Structures are given as C-alpha cells and as structure tokens.
Amino acid sequence: MRHFNYLTKEGLDTTFFKAPEFFDKDTPREVLAHALGALLYMPGTRETIAKDIIAKKYQGLASTVFCLEDSIGDKEVLGAEENLTKQVKDIDGALNRQELEAADLPLIFIRVRAPEQIARLIDRMGDSARIITGFVFPKFTAESCAYLEAINS
C-alpha cells in the first residue's frame with residue numbers, strides 16, 4: 001500500500017518533493033505508526049466489505065477498521081463476528097487467487113468490544129487472519145489491561 005497510489009508518476013512528481021513510500025502490515029511499527037492516514041470505519045455487519053476492498057471501491061484507501069463496537073447493536077455482535085470472519089476469508093481468498101494484489105490491500109484493523117473476541121476471531125478466521133494488521137480497543141482505561149493480555153496470548 002502507498003498513500004496516493006492512484007496518482008501517476010507525473011502526478012506524484014508534481015505533488016511531492018519525495019513521493020510516499022510503500023508500506024504494509026509487516027512494515028516496522030515505528031514507520032507504520034506514521035503511515036495509517038485516515039481510517040475508514042465499517043460496521044462489522046456490512047456484507048460488502050470484501051467486495052468493496054477487492055473492487056478497490058475507495059480510491060486511495062490505506063487503512064480500515066471493521067467495527068464490532070459502537071457501530072453495531074448489542075444483539076448484532078455474534079452475527080457481525082460471523083460476517084467479519086466470512087469477509088476476511090473472502091479477502092484472503094482473493095489474494096490467493098491473485099484477484100487482489102497484496103500491495104492494494106489496506107491495513108485492516110478490527111475494533112473489538114471485549115478482549116475474548118480477539119482470540120475467538122483469530123481462531124474462526126484461521127490462516128486468513130494473516131491479513132489483519134491489528135486490533136483497536138474500545139475506550140481504553142487502566143482496567144482494560146485484559147486487551148493487552150489477549151493480544152499477547
């Protein structure tokens with residue numbers, strides 16, 4: 001992924017002194033922390049997530065968050081987890097079939113509402129979880145260290 005990836009070389013040359021560099025989820029954290037850019041939040045119930053990413057619907061999209069927290073209702077959580085699992089597997093499948101280039105894949109984060117969701121989602125997604133860059137914690141407080149423990153396990 002690269003910011004302004006939709007510009008031609010000429011467009012990049014006239015816009016920037018130094019063109020944006022390539023980054024992906026494996027870029028060192030010290031660099032990645034400055035590369036996120038604007039985040040597109042999508043509710044976990046949205047059924048066209050994979051389709052939209054594969055089709056590159058959002059020109060220049062560099063980072064996205066699939067939200068399981070305040071963008072969905074309490075009664076939608078389990079269905080949203082199932083939907084996100086399907087969407088992530090569909091995106092990973094498109095990468096495997098070369099319908100989508102890894103360089104065009106935005107950084108993908110999942111905003112969870114409970115620490116146990118992290119392990120549950122990774123388990124459900126299996127090998128497809130490799131496309132997930134990280135997790136966004138809700139309203140983090142001193143009592144929320146369980147999220148960090150879930151990431152470390």
# chains A, B, ... in the order shown; residues from 1 in each chain; ligands from 1
>>> closest_atom_pairs(of="region 4-114 of chain A", to="region 128-148 of chain A", cutoff="7 Å", atoms="only C-alpha atoms", output="Markdown table")
| residue | atom | partner | partner_atom | distance |
| --- | --- | --- | --- | --- |
| A:Lys25 | CA | A:Thr133 | CA | 5.3 |
| A:Val88 | CA | A:Ser128 | CA | 6.4 |
| A:Lys89 | CA | A:Ser128 | CA | 5.4 |
| A:Asp92 | CA | A:Ser128 | CA | 5.6 |
| A:Leu107 | CA | A:Thr133 | CA | 5.8 |
| A:Ile108 | CA | A:Ile132 | CA | 5.2 |
| A:Phe109 | CA | A:Gly134 | CA | 4.9 |
| A:Ile110 | CA | A:Phe135 | CA | 4.8 |
| A:Arg111 | CA | A:Val136 | CA | 4.3 |
| A:Val112 | CA | A:Phe137 | CA | 6.0 |
| A:Arg113 | CA | A:Pro138 | CA | 6.0 |
>>> write_last_selection(atoms="all heavy atoms", output="compact mmCIF listing (two decimals), in the first residue's frame")
# COMPACT_ATOMS: atom_id res chain seq x y z
N LYS A 25 1.31 -4.29 6.36
CA LYS A 25 1.17 -4.66 7.77
C LYS A 25 2.46 -5.17 8.39
O LYS A 25 2.59 -5.21 9.61
CB LYS A 25 0.04 -5.67 7.96
CG LYS A 25 0.31 -7.05 7.42
CD LYS A 25 -0.88 -7.95 7.71
CE LYS A 25 -0.47 -9.34 7.99
NZ LYS A 25 0.36 -9.59 9.13
N VAL A 88 -13.21 -11.54 5.87
CA VAL A 88 -11.75 -11.70 5.92
C VAL A 88 -11.33 -12.90 5.08
O VAL A 88 -10.35 -12.83 4.32
CB VAL A 88 -11.26 -11.80 7.38
CG1 VAL A 88 -9.82 -12.29 7.45
CG2 VAL A 88 -11.41 -10.45 8.07
N LYS A 89 -12.06 -14.00 5.18
CA LYS A 89 -11.73 -15.18 4.38
C LYS A 89 -11.90 -14.88 2.88
O LYS A 89 -11.10 -15.35 2.06
CB LYS A 89 -12.59 -16.37 4.80
CG LYS A 89 -12.16 -16.96 6.13
CD LYS A 89 -12.99 -18.17 6.50
CE LYS A 89 -12.48 -18.79 7.80
NZ LYS A 89 -13.16 -20.04 8.13
N ASP A 92 -8.87 -12.78 1.82
CA ASP A 92 -7.70 -13.64 1.75
C ASP A 92 -7.77 -14.56 0.53
O ASP A 92 -6.77 -14.77 -0.17
CB ASP A 92 -7.58 -14.46 3.04
CG ASP A 92 -6.29 -15.25 3.11
OD1 ASP A 92 -5.21 -14.66 2.88
OD2 ASP A 92 -6.36 -16.47 3.38
N LEU A 107 -4.37 -1.55 5.27
CA LEU A 107 -4.15 -2.07 6.62
C LEU A 107 -5.53 -2.34 7.21
O LEU A 107 -6.41 -1.48 7.14
CB LEU A 107 -3.40 -1.05 7.46
CG LEU A 107 -2.02 -0.63 6.96
CD1 LEU A 107 -1.44 0.45 7.86
CD2 LEU A 107 -1.08 -1.81 6.84
N ILE A 108 -5.73 -3.51 7.77
CA ILE A 108 -7.04 -3.89 8.30
C ILE A 108 -6.95 -4.10 9.81
O ILE A 108 -6.16 -4.91 10.29
CB ILE A 108 -7.55 -5.19 7.63
CG1 ILE A 108 -7.73 -4.97 6.13
CG2 ILE A 108 -8.85 -5.66 8.28
CD1 ILE A 108 -8.07 -6.23 5.35
N PHE A 109 -7.76 -3.33 10.51
CA PHE A 109 -7.86 -3.43 11.96
C PHE A 109 -9.29 -3.85 12.31
O PHE A 109 -10.22 -3.56 11.57
CB PHE A 109 -7.56 -2.08 12.62
CG PHE A 109 -6.16 -1.61 12.38
CD1 PHE A 109 -5.86 -0.83 11.27
CD2 PHE A 109 -5.14 -1.92 13.27
CE1 PHE A 109 -4.57 -0.38 11.03
CE2 PHE A 109 -3.85 -1.48 13.04
CZ PHE A 109 -3.56 -0.71 11.92
N ILE A 110 -9.44 -4.49 13.45
CA ILE A 110 -10.76 -4.84 13.94
C ILE A 110 -10.94 -4.19 15.30
O ILE A 110 -10.12 -4.38 16.21
CB ILE A 110 -10.95 -6.37 14.05
CG1 ILE A 110 -10.82 -7.02 12.67
CG2 ILE A 110 -12.32 -6.69 14.67
CD1 ILE A 110 -10.90 -8.54 12.69
N ARG A 111 -12.01 -3.41 15.43
CA ARG A 111 -12.33 -2.79 16.72
C ARG A 111 -13.23 -3.76 17.47
O ARG A 111 -14.34 -4.07 17.04
CB ARG A 111 -13.04 -1.45 16.52
CG ARG A 111 -13.26 -0.73 17.84
CD ARG A 111 -13.80 0.65 17.63
NE ARG A 111 -13.82 1.35 18.90
CZ ARG A 111 -14.53 2.44 19.12
NH1 ARG A 111 -15.27 2.96 18.15
NH2 ARG A 111 -14.51 3.02 20.29
N VAL A 112 -12.71 -4.24 18.58
CA VAL A 112 -13.44 -5.22 19.39
C VAL A 112 -14.11 -4.54 20.56
O VAL A 112 -13.75 -3.42 20.93
CB VAL A 112 -12.50 -6.34 19.88
CG1 VAL A 112 -11.98 -7.17 18.72
CG2 VAL A 112 -11.33 -5.78 20.69
N ARG A 113 -15.07 -5.22 21.15
CA ARG A 113 -15.73 -4.67 22.35
C ARG A 113 -15.41 -5.47 23.59
O ARG A 113 -15.76 -5.06 24.69
CB ARG A 113 -17.23 -4.54 22.14
CG ARG A 113 -17.97 -5.81 21.87
CD ARG A 113 -19.49 -5.65 21.94
NE ARG A 113 -20.03 -4.75 20.94
CZ ARG A 113 -21.23 -4.21 21.01
NH1 ARG A 113 -22.03 -4.49 22.01
NH2 ARG A 113 -21.65 -3.41 20.07
>>> select_by_dssp(residues="region 41-132 of chain A", states="strand (DSSP E or B)", output="ChimeraX atom specification")
/A:41-43,63-67,107-111,132
>>> closest_residue(among="A:Ala55, A:Met125, A:Val77, A:Ala114", to="Pro43 (chain A)", atoms="only C-alpha atoms")
A:Val77
>>> atom_distance(atom1="CA of Thr15 (chain A)", atom2="CA of Met42 (chain A)")
29.9 Å
>>> select_by_dssp(residues="region 4-113 of chain A", states="helix (DSSP H, G or I)", output="PyMOL selection string")
chain A and resi 9-15+29-32+49-54+74-96+102-104
>>> closest_residue(among="A:Arg29, A:Ile54, A:Thr64, A:Glu21", to="Arg97 (chain A)", atoms="only C-alpha atoms")
A:Ile54
>>> residues_around(residues="Leu84 (chain A)", least_positions_apart="6", cutoff="8 Å", atoms="only C-alpha atoms", output="list in words")
Gly44, Thr45 and Phe66 of chain A
>>> closest_residue(among="A:Thr48, A:Thr85, A:Thr27, A:Thr8", to="Ile118 (chain A)", atoms="only C-alpha atoms")
A:Thr85
>>> closest_residue(among="A:Ala50, A:Ala62, A:Glu10, A:Asp74", to="Ile91 (chain A)", atoms="only C-alpha atoms")
A:Ala50
>>> closest_residue(among="A:Glu30, A:Asp13, A:Glu69, A:Asp90", to="Glu47 (chain A)", atoms="only C-alpha atoms")
A:Asp90
